[in-house]
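Coordinates from my_file01.cif are shown below (mmCIF, C-alpha atoms).
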data_structure
loop_
_atom_site.group_PDB
_atom_site.id
_atom_site.type_symbol
_atom_site.label_atom_id
_atom_site.label_comp_id
_atom_site.auth_asym_id
_atom_site.auth_seq_id
_atom_site.Cartn_x
_atom_site.Cartn_y
_atom_site.Cartn_z
ATOM 1 C CA MET A 1 -88.460 121.385 51.646
ATOM 2 C CA ALA A 2 -92.166 122.003 52.103
ATOM 3 C CA ALA A 3 -93.284 123.966 55.133
ATOM 4 C CA VAL A 4 -94.213 121.854 58.132
ATOM 5 C CA LEU A 5 -97.960 121.672 58.613
ATOM 6 C CA PRO A 6 -99.415 122.601 62.019
ATOM 7 C CA ILE A 7 -99.560 119.669 64.390
ATOM 8 C CA THR A 8 -103.068 118.258 64.388
ATOM 9 C CA ARG A 9 -102.673 115.176 66.578
ATOM 10 C CA GLN A 10 -104.431 115.653 69.902
ATOM 11 C CA ILE A 11 -101.816 116.278 72.583
ATOM 12 C CA GLU A 12 -103.934 114.693 75.285
ATOM 13 C CA GLU A 13 -104.053 111.450 73.302
ATOM 14 C CA ILE A 14 -100.301 111.030 73.451
ATOM 15 C CA LYS A 15 -99.657 112.379 76.955
ATOM 16 C CA HIS A 16 -101.311 109.318 78.489
ATOM 17 C CA ALA A 17 -98.109 107.357 77.789
ATOM 18 C CA SER A 18 -96.472 108.891 80.866
ATOM 19 C CA HIS A 19 -99.148 107.740 83.294
ATOM 20 C CA GLY A 20 -97.785 105.450 85.998
ATOM 21 C CA LEU A 21 -94.144 105.934 85.015
ATOM 22 C CA CYS A 22 -91.921 106.247 88.068
ATOM 23 C CA ILE A 23 -88.366 107.480 87.662
ATOM 24 C CA SER A 24 -87.428 107.764 91.342
ATOM 25 C CA GLU A 25 -85.515 104.475 91.057
ATOM 26 C CA LEU A 26 -83.287 106.085 88.432
ATOM 27 C CA ASN A 27 -81.866 108.683 90.820
ATOM 28 C CA ASP A 28 -78.589 106.826 91.301
ATOM 29 C CA CYS A 29 -78.072 105.877 87.658
ATOM 30 C CA LEU A 30 -74.932 107.413 86.194
ATOM 31 C CA ILE A 31 -74.404 108.931 82.770
ATOM 32 C CA PHE A 32 -71.079 109.953 81.217
ATOM 33 C CA ASP A 33 -70.142 112.929 79.063
ATOM 34 C CA ARG A 34 -67.714 113.079 76.135
ATOM 35 C CA HIS A 35 -64.765 113.269 78.533
ATOM 36 C CA GLY A 36 -65.832 110.262 80.601
ATOM 37 C CA VAL A 37 -66.969 112.445 83.512
ATOM 38 C CA TRP A 38 -70.053 111.071 85.246
ATOM 39 C CA LYS A 39 -73.131 112.720 86.694
ATOM 40 C CA THR A 40 -76.423 111.391 88.022
ATOM 41 C CA PHE A 41 -79.351 111.006 85.643
ATOM 42 C CA ASN A 42 -81.692 113.025 87.880
ATOM 43 C CA SER A 43 -79.354 116.039 87.724
ATOM 44 C CA LEU A 44 -80.669 116.610 84.188
ATOM 45 C CA PHE A 45 -84.129 117.607 85.410
ATOM 46 C CA GLN A 46 -83.818 118.644 89.059
ATOM 47 C CA HIS A 47 -84.121 122.356 88.289
ATOM 48 C CA ASN A 48 -85.219 122.472 84.643
ATOM 49 C CA LYS A 49 -87.658 120.894 82.274
ATOM 50 C CA ALA A 50 -85.760 118.507 80.008
ATOM 51 C CA ILE A 51 -86.467 116.824 76.699
ATOM 52 C CA ILE A 52 -84.436 113.607 76.890
ATOM 53 C CA ILE A 53 -83.928 111.490 73.783
ATOM 54 C CA PHE A 54 -82.605 107.934 74.075
ATOM 55 C CA VAL A 55 -81.063 106.673 70.830
ATOM 56 C CA ARG A 56 -80.517 103.093 69.687
ATOM 57 C CA ASN A 57 -76.780 103.192 68.983
ATOM 58 C CA PHE A 58 -74.394 105.671 67.444
ATOM 59 C CA LEU A 59 -73.977 103.600 64.261
ATOM 60 C CA CYS A 60 -77.722 103.508 63.549
ATOM 61 C CA TYR A 61 -78.458 105.577 60.433
ATOM 62 C CA THR A 62 -81.964 106.486 61.606
ATOM 63 C CA CYS A 63 -80.586 107.786 64.907
ATOM 64 C CA LYS A 64 -77.895 109.745 63.065
ATOM 65 C CA GLU A 65 -80.449 111.496 60.861
ATOM 66 C CA TYR A 66 -82.824 112.111 63.759
ATOM 67 C CA VAL A 67 -80.039 113.675 65.840
ATOM 68 C CA GLU A 68 -79.012 115.801 62.851
ATOM 69 C CA ASP A 69 -82.447 117.428 63.031
ATOM 70 C CA LEU A 70 -82.242 117.756 66.820
ATOM 71 C CA GLY A 71 -79.026 119.673 66.220
ATOM 72 C CA LYS A 72 -80.968 122.254 64.187
ATOM 73 C CA ILE A 73 -82.914 123.410 67.257
ATOM 74 C CA PRO A 74 -81.507 126.852 68.162
ATOM 75 C CA GLN A 75 -79.768 127.027 71.530
ATOM 76 C CA GLN A 76 -81.334 130.434 72.125
ATOM 77 C CA LEU A 77 -84.814 128.916 71.827
ATOM 78 C CA LEU A 78 -84.009 126.419 74.583
ATOM 79 C CA GLN A 79 -82.347 128.988 76.825
ATOM 80 C CA GLU A 80 -85.236 131.439 76.570
ATOM 81 C CA SER A 81 -87.678 128.687 77.580
ATOM 82 C CA ASP A 82 -85.380 127.225 80.270
ATOM 83 C CA VAL A 83 -85.619 123.775 78.676
ATOM 84 C CA ARG A 84 -82.695 121.373 78.341
ATOM 85 C CA LEU A 85 -82.317 119.167 75.275
ATOM 86 C CA VAL A 86 -80.395 115.987 76.041
ATOM 87 C CA VAL A 87 -79.433 112.977 73.920
ATOM 88 C CA ILE A 88 -78.449 109.764 75.687
ATOM 89 C CA GLY A 89 -76.754 106.864 73.907
ATOM 90 C CA GLN A 90 -75.638 103.479 75.174
ATOM 91 C CA SER A 91 -72.117 103.182 73.837
ATOM 92 C CA SER A 92 -68.790 103.969 75.434
ATOM 93 C CA TRP A 93 -68.254 107.686 76.014
ATOM 94 C CA CYS A 94 -65.294 107.597 73.617
ATOM 95 C CA HIS A 95 -67.720 107.569 70.648
ATOM 96 C CA ILE A 96 -69.549 110.784 71.606
ATOM 97 C CA GLU A 97 -67.151 113.245 70.000
ATOM 98 C CA ALA A 98 -67.189 111.526 66.612
ATOM 99 C CA PHE A 99 -70.987 111.215 66.664
ATOM 100 C CA CYS A 100 -71.408 114.925 67.401
ATOM 101 C CA SER A 101 -68.950 115.823 64.660
ATOM 102 C CA LEU A 102 -70.850 113.609 62.222
ATOM 103 C CA THR A 103 -74.313 114.963 63.068
ATOM 104 C CA GLY A 104 -73.521 118.587 63.887
ATOM 105 C CA TYR A 105 -75.266 118.147 67.236
ATOM 106 C CA SER A 106 -73.984 120.642 69.830
ATOM 107 C CA HIS A 107 -76.493 120.310 72.684
ATOM 108 C CA GLU A 108 -76.058 118.093 75.751
ATOM 109 C CA ILE A 109 -75.191 114.442 75.127
ATOM 110 C CA TYR A 110 -74.308 111.569 77.464
ATOM 111 C CA VAL A 111 -74.072 107.797 77.441
ATOM 112 C CA ASP A 112 -75.477 105.026 79.629
ATOM 113 C CA PRO A 113 -72.960 102.297 78.687
ATOM 114 C CA GLU A 114 -74.479 99.593 80.903
ATOM 115 C CA ARG A 115 -78.012 100.456 79.698
ATOM 116 C CA GLN A 116 -79.187 100.787 83.310
ATOM 117 C CA ILE A 117 -81.661 103.555 82.482
ATOM 118 C CA TYR A 118 -82.885 101.815 79.336
ATOM 119 C CA LYS A 119 -83.543 98.639 81.327
ATOM 120 C CA LYS A 120 -85.222 100.311 84.302
ATOM 121 C CA LEU A 121 -87.498 102.293 82.011
ATOM 122 C CA GLY A 122 -88.450 99.083 80.231
ATOM 123 C CA MET A 123 -87.282 100.102 76.773
ATOM 124 C CA ARG A 124 -87.562 97.186 74.416
ATOM 125 C CA ARG A 125 -84.891 95.118 72.709
ATOM 126 C CA GLY A 126 -85.709 93.939 69.208
ATOM 127 C CA GLU A 127 -88.059 95.530 66.723
ATOM 128 C CA THR A 128 -91.839 95.316 66.476
ATOM 129 C CA TYR A 129 -93.602 96.541 63.368
ATOM 130 C CA MET A 130 -97.329 97.201 63.206
ATOM 131 C CA GLU A 131 -99.641 96.553 60.228
ATOM 132 C CA THR A 132 -99.144 100.172 59.217
ATOM 133 C CA PRO A 133 -95.383 100.603 58.634
ATOM 134 C CA SER A 134 -93.600 103.054 60.909
ATOM 135 C CA SER A 135 -92.155 106.156 59.344
ATOM 136 C CA SER A 136 -90.165 109.127 60.564
ATOM 137 C CA PRO A 137 -90.197 112.630 59.070
ATOM 138 C CA HIS A 138 -86.558 112.934 60.113
ATOM 139 C CA VAL A 139 -85.155 109.845 58.332
ATOM 140 C CA LYS A 140 -84.178 110.518 54.728
ATOM 141 C CA SER A 141 -82.192 107.384 53.826
ATOM 142 C CA GLY A 142 -83.680 104.071 52.762
ATOM 143 C CA LEU A 143 -82.903 100.825 54.584
ATOM 144 C CA LEU A 144 -80.256 99.568 52.159
ATOM 145 C CA VAL A 145 -78.309 102.804 51.738
ATOM 146 C CA GLY A 146 -78.608 103.671 55.428
ATOM 147 C CA SER A 147 -77.421 100.224 56.526
ATOM 148 C CA LEU A 148 -74.455 100.301 54.146
ATOM 149 C CA ARG A 149 -73.408 103.700 55.476
ATOM 150 C CA SER A 150 -73.663 102.402 59.043
ATOM 151 C CA MET A 151 -71.495 99.391 58.189
ATOM 152 C CA TRP A 152 -68.909 101.652 56.554
ATOM 153 C CA ARG A 153 -68.775 103.880 59.637
ATOM 154 C CA ALA A 154 -68.286 100.794 61.812
ATOM 155 C CA MET A 155 -65.442 99.533 59.616
ATOM 156 C CA THR A 156 -63.665 102.898 59.497
ATOM 157 C CA SER A 157 -64.130 103.765 63.158
ATOM 158 C CA PRO A 158 -60.895 103.901 65.214
ATOM 159 C CA VAL A 159 -62.610 101.576 67.717
ATOM 160 C CA PHE A 160 -64.433 98.792 65.855
ATOM 161 C CA ASP A 161 -67.572 97.908 67.789
ATOM 162 C CA PHE A 162 -71.332 98.290 67.509
ATOM 163 C CA GLN A 163 -71.263 101.516 69.569
ATOM 164 C CA GLY A 164 -74.126 100.122 71.654
ATOM 165 C CA ASP A 165 -76.424 97.094 71.677
ATOM 166 C CA PRO A 166 -77.786 96.892 68.084
ATOM 167 C CA LEU A 167 -81.059 95.383 69.336
ATOM 168 C CA GLN A 168 -81.782 98.134 71.875
ATOM 169 C CA GLN A 169 -84.560 100.579 71.023
ATOM 170 C CA GLY A 170 -84.730 104.158 72.283
ATOM 171 C CA GLY A 171 -87.413 106.597 73.336
ATOM 172 C CA ALA A 172 -88.145 110.075 74.629
ATOM 173 C CA LEU A 173 -89.071 111.688 77.946
ATOM 174 C CA ILE A 174 -90.213 115.150 78.908
ATOM 175 C CA VAL A 175 -89.574 115.537 82.615
ATOM 176 C CA GLY A 176 -89.027 118.183 85.273
ATOM 177 C CA PRO A 177 -88.441 120.358 87.075
ATOM 178 C CA GLY A 178 -88.292 117.517 89.575
ATOM 179 C CA PRO A 179 -89.189 113.869 88.971
ATOM 180 C CA GLU A 180 -92.633 114.380 87.438
ATOM 181 C CA VAL A 181 -92.814 112.888 83.938
ATOM 182 C CA ASP A 182 -94.942 114.956 81.569
ATOM 183 C CA PHE A 183 -94.573 112.618 78.621
ATOM 184 C CA ALA A 184 -92.933 109.324 77.674
ATOM 185 C CA HIS A 185 -92.616 107.484 74.385
ATOM 186 C CA PHE A 186 -90.729 104.203 73.942
ATOM 187 C CA ASP A 187 -89.811 103.275 70.375
ATOM 188 C CA MET A 188 -91.162 100.051 68.889
ATOM 189 C CA ASN A 189 -88.574 99.989 66.100
ATOM 190 C CA ARG A 190 -85.839 102.059 64.468
ATOM 191 C CA LEU A 191 -88.334 104.322 62.639
ATOM 192 C CA ASP A 192 -90.629 104.921 65.597
ATOM 193 C CA HIS A 193 -89.007 108.165 66.752
ATOM 194 C CA MET A 194 -91.327 110.750 68.258
ATOM 195 C CA PRO A 195 -91.532 113.620 65.732
ATOM 196 C CA ILE A 196 -89.422 116.457 67.087
ATOM 197 C CA ASN A 197 -92.117 119.086 66.610
ATOM 198 C CA TRP A 198 -94.493 117.046 68.776
ATOM 199 C CA LEU A 199 -91.858 116.987 71.529
ATOM 200 C CA LEU A 200 -91.306 120.730 71.201
ATOM 201 C CA GLN A 201 -95.034 121.422 71.421
ATOM 202 C CA LEU A 202 -95.461 119.120 74.418
ATOM 203 C CA ALA A 203 -92.612 120.971 76.158
ATOM 204 C CA GLY A 204 -94.263 124.329 75.454
ATOM 205 C CA LEU A 205 -91.839 125.389 72.720
ATOM 206 C CA PRO A 206 -92.584 126.713 69.231
ATOM 207 C CA THR A 207 -92.302 124.233 66.396
ATOM 208 C CA LEU A 208 -89.722 124.448 63.629
ATOM 209 C CA ASP A 209 -89.298 123.949 59.928
ATOM 210 C CA PHE A 210 -86.460 121.405 59.768
ATOM 211 C CA SER A 211 -84.975 122.565 56.502
ATOM 212 C CA ASP A 212 -81.292 123.379 56.016
ATOM 213 C CA SER A 213 -82.026 126.783 57.555
ATOM 214 C CA PRO A 214 -84.579 125.936 60.280
ATOM 215 C CA LYS A 215 -86.999 128.645 61.308
ATOM 216 C CA ILE A 216 -89.781 128.950 63.859
ATOM 217 C CA ILE A 217 -93.189 128.261 62.317
ATOM 218 C CA ASP A 218 -95.453 128.270 65.365
ATOM 219 C CA ILE A 219 -95.346 130.597 68.367
#
Written form, structure tokens:
Amino acid sequence: MAAVLPITRQIEEIKHASHGLCISELNDCLIFDRHGVWKTFNSLFQHNKAIIIFVRNFLCYTCKEYVEDLGKIPQQLLQESDVRLVVIGQSSWCHIEAFCSLTGYSHEIYVDPERQIYKKLGMRRGETYMETPSSSPHVKSGLLVGSLRSMWRAMTSPVFDFQGDPLQQGGALIVGPGPEVDFAHFDMNRLDHMPINWLLQLAGLPTLDFSDSPKIIDI
């Protein structure tokens, strides 16, 4: 895999997306871990900065491949910077373990099964594509192959369901410590993920080369 080029997009141009976003009304929203134990959403960023990724559903092939790359971020890198990395899905908590096993993701992960946070943040349902097609550096599969793999996972899952609303789009927040939102991005469609290196840079972390053996490329 070719080395990742330095990020050239102006950070100030994309930080404007967080302006006017209020998350105080999310304080009482509950999220659930892989054991079905709940905690409040605001506990994720009360004392730490957090990068929070909302995924579409656990069967979505683009989300699977995106989370696979999130799983390549070294835990030591996050600990040294006192930044939490959190994935939030919108399925039942019983699907978390299988999704983590599939993707190799070992950082924090929760679910919002009633989509309360998704709704209050105004994340869209349905897909909108611009004149210039969306693309993601983290998605390797094409639409046909990816969709077939998703269908196969649904059919072979012990619990046959969509593992979340298939029309729900995701997004990303960088927030904390406290309720101040540093950055927000809400996906327009399944390929509109925020590139992970942009999120790392916005959170003050070094960027990575997301090859099979990821390494820091920018300090």
For this session: Quick one: everything within 10 Å of Ser43 (chain A), counting all atoms listed in the file, minus sequence neighbours fewer than 5 positions away in the same chain. Send it as a PyMOL selection string.
Result: chain A and resi 27-28+30-31+48+178
Can you spell out as a short mmCIF file (atom, residue, chain, number, x, y, z; two decimals) with C-alpha atoms, in the frame of the given file the set of residues that the PyMOL selection byres ((chain A and resi 179-181) around 10) selects in the structure I just provided?
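Output file out-v5.cif is given in full below:
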data_model
loop_
_atom_site.label_atom_id
_atom_site.label_comp_id
_atom_site.auth_asym_id
_atom_site.auth_seq_id
_atom_site.Cartn_x
_atom_site.Cartn_y
_atom_site.Cartn_z
CA LYS A 15 -99.66 112.38 76.96
CA ALA A 17 -98.11 107.36 77.79
CA SER A 18 -96.47 108.89 80.87
CA HIS A 19 -99.15 107.74 83.29
CA GLY A 20 -97.78 105.45 86.00
CA LEU A 21 -94.14 105.93 85.02
CA CYS A 22 -91.92 106.25 88.07
CA ILE A 23 -88.37 107.48 87.66
CA SER A 24 -87.43 107.76 91.34
CA LEU A 26 -83.29 106.08 88.43
CA ASN A 27 -81.87 108.68 90.82
CA ASN A 42 -81.69 113.02 87.88
CA PHE A 45 -84.13 117.61 85.41
CA GLN A 46 -83.82 118.64 89.06
CA HIS A 47 -84.12 122.36 88.29
CA LYS A 49 -87.66 120.89 82.27
CA ALA A 50 -85.76 118.51 80.01
CA LEU A 173 -89.07 111.69 77.95
CA ILE A 174 -90.21 115.15 78.91
CA VAL A 175 -89.57 115.54 82.62
CA GLY A 176 -89.03 118.18 85.27
CA PRO A 177 -88.44 120.36 87.08
CA GLY A 178 -88.29 117.52 89.58
CA ASP A 182 -94.94 114.96 81.57
CA PHE A 183 -94.57 112.62 78.62
CA ALA A 184 -92.93 109.32 77.67
#
For this session: Excluding Cys94 (chain A) and residues on its chain fewer than 2 positions from it, collect all residues at most 8 Å away from it, counting only C-alpha atoms, and give them as a PyMOL selection string.
Result: chain A and resi 34-36+92+96-97
Got time to write the residues from that selection, C-alpha atoms, as a PDB file, keeping the file's coordinate frame?
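Listing of part_30.pdb after writing:
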ATOM      1  CA  ARG A  34     -67.714 113.079  76.135  1.00  0.00           C
ATOM      2  CA  HIS A  35     -64.765 113.269  78.533  1.00  0.00           C
ATOM      3  CA  GLY A  36     -65.832 110.262  80.601  1.00  0.00           C
ATOM      4  CA  SER A  92     -68.790 103.969  75.434  1.00  0.00           C
ATOM      5  CA  ILE A  96     -69.549 110.784  71.606  1.00  0.00           C
ATOM      6  CA  GLU A  97     -67.151 113.245  70.000  1.00  0.00           C
TER       7      GLU A  97
END
Counting only C-alpha atoms, which residues come within 10 Å of (-86.7, 106.8, 78.8), with the point read in the file's coordinates, and could you list them as a PDB file with C-alpha atoms, in the frame of the given file?
ATOM      1  CA  LEU A  21     -94.144 105.934  85.015  1.00  0.00           C
ATOM      2  CA  ILE A  23     -88.366 107.480  87.662  1.00  0.00           C
ATOM      3  CA  ILE A  52     -84.436 113.607  76.890  1.00  0.00           C
ATOM      4  CA  ILE A  53     -83.928 111.490  73.783  1.00  0.00           C
ATOM      5  CA  PHE A  54     -82.605 107.934  74.075  1.00  0.00           C
ATOM      6  CA  VAL A  55     -81.063 106.673  70.830  1.00  0.00           C
ATOM      7  CA  ILE A  88     -78.449 109.764  75.687  1.00  0.00           C
ATOM      8  CA  ILE A 117     -81.661 103.555  82.482  1.00  0.00           C
ATOM      9  CA  TYR A 118     -82.885 101.815  79.336  1.00  0.00           C
ATOM     10  CA  LYS A 119     -83.543  98.639  81.327  1.00  0.00           C
ATOM     11  CA  LYS A 120     -85.222 100.311  84.302  1.00  0.00           C
ATOM     12  CA  LEU A 121     -87.498 102.293  82.011  1.00  0.00           C
ATOM     13  CA  GLY A 122     -88.450  99.083  80.231  1.00  0.00           C
ATOM     14  CA  MET A 123     -87.282 100.102  76.773  1.00  0.00           C
ATOM     15  CA  GLY A 170     -84.730 104.158  72.283  1.00  0.00           C
ATOM     16  CA  GLY A 171     -87.413 106.597  73.336  1.00  0.00           C
ATOM     17  CA  ALA A 172     -88.145 110.075  74.629  1.00  0.00           C
ATOM     18  CA  LEU A 173     -89.071 111.688  77.946  1.00  0.00           C
ATOM     19  CA  ILE A 174     -90.213 115.150  78.908  1.00  0.00           C
ATOM     20  CA  VAL A 175     -89.574 115.537  82.615  1.00  0.00           C
ATOM     21  CA  PHE A 183     -94.573 112.618  78.621  1.00  0.00           C
ATOM     22  CA  ALA A 184     -92.933 109.324  77.674  1.00  0.00           C
ATOM     23  CA  HIS A 185     -92.616 107.484  74.385  1.00  0.00           C
ATOM     24  CA  PHE A 186     -90.729 104.203  73.942  1.00  0.00           C
ATOM     25  CA  ASP A 187     -89.811 103.275  70.375  1.00  0.00           C
TER      26      ASP A 187
END
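In this comparison, which uses all atoms listed in the file, the residue of A:His95, A:His107, A:Arg115, A:Arg56 approaching Asp69 (chain A) most closely is A:His107.
Surrounding region 124-126 of chain A within 6 Å are A:Leu167, A:Gln168, A:Gln169, with only C-alpha atoms counted and residues fewer than 3 positions along the same chain left out.
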Residues just named, written with C-alpha atoms as a compact mmCIF listing (two decimals), in the coordinates of the input:
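Listed below is the output, again_3.txt:
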# COMPACT_ATOMS: atom_id res chain seq x y z
CA LEU A 167 -81.06 95.38 69.34
CA GLN A 168 -81.78 98.13 71.88
CA GLN A 169 -84.56 100.58 71.02
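Each of A:Ile73, A:Leu59, A:Ile51, A:Val111 was checked against Val37 (chain A) using only C-alpha atoms; the smallest atom-to-atom distance is that of A:Val111.
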Box for region 68-78 of chain A: with edges along x, y and z, all listed atoms inside and 5 Å added on each side, what are the centre and edge lengths in Å to one decimal, as JSON?
{"center_x": -81.9, "center_y": 123.1, "center_z": 68.7, "size_x": 15.8, "size_y": 24.6, "size_z": 21.7}
Exercise. Which residues come within 10 Å of Leu78 (chain A), counting all atoms listed in the file, excluding same-chain residues fewer than 3 positions away, as an MDAnalysis selection string?
Worked result: chainID A and resid 50 73:75 81:85 107 200 205
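Between CA of Asn197 (chain A) and CA of Glu108 (chain A) the separation is 18.5 Å.
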Problem set entry | Spatial neighbours of Asp165 (chain A), max dist 8 Å, all atoms listed in the file, sep filter under 5 positions, as a PyMOL selection string | chain A and resi 56-57+90-91
Seminar exercise, completed: Closest of A:Glu127, A:Asp33, A:Glu80, A:Glu68 to Tyr110 (chain A), counting all atoms listed in the file, is A:Asp33
For this session: Would you mind reading off the distance between CA of Trp93 (chain A) and CA of Phe32 (chain A), one decimal, in Å?
Result: 6.3 Å
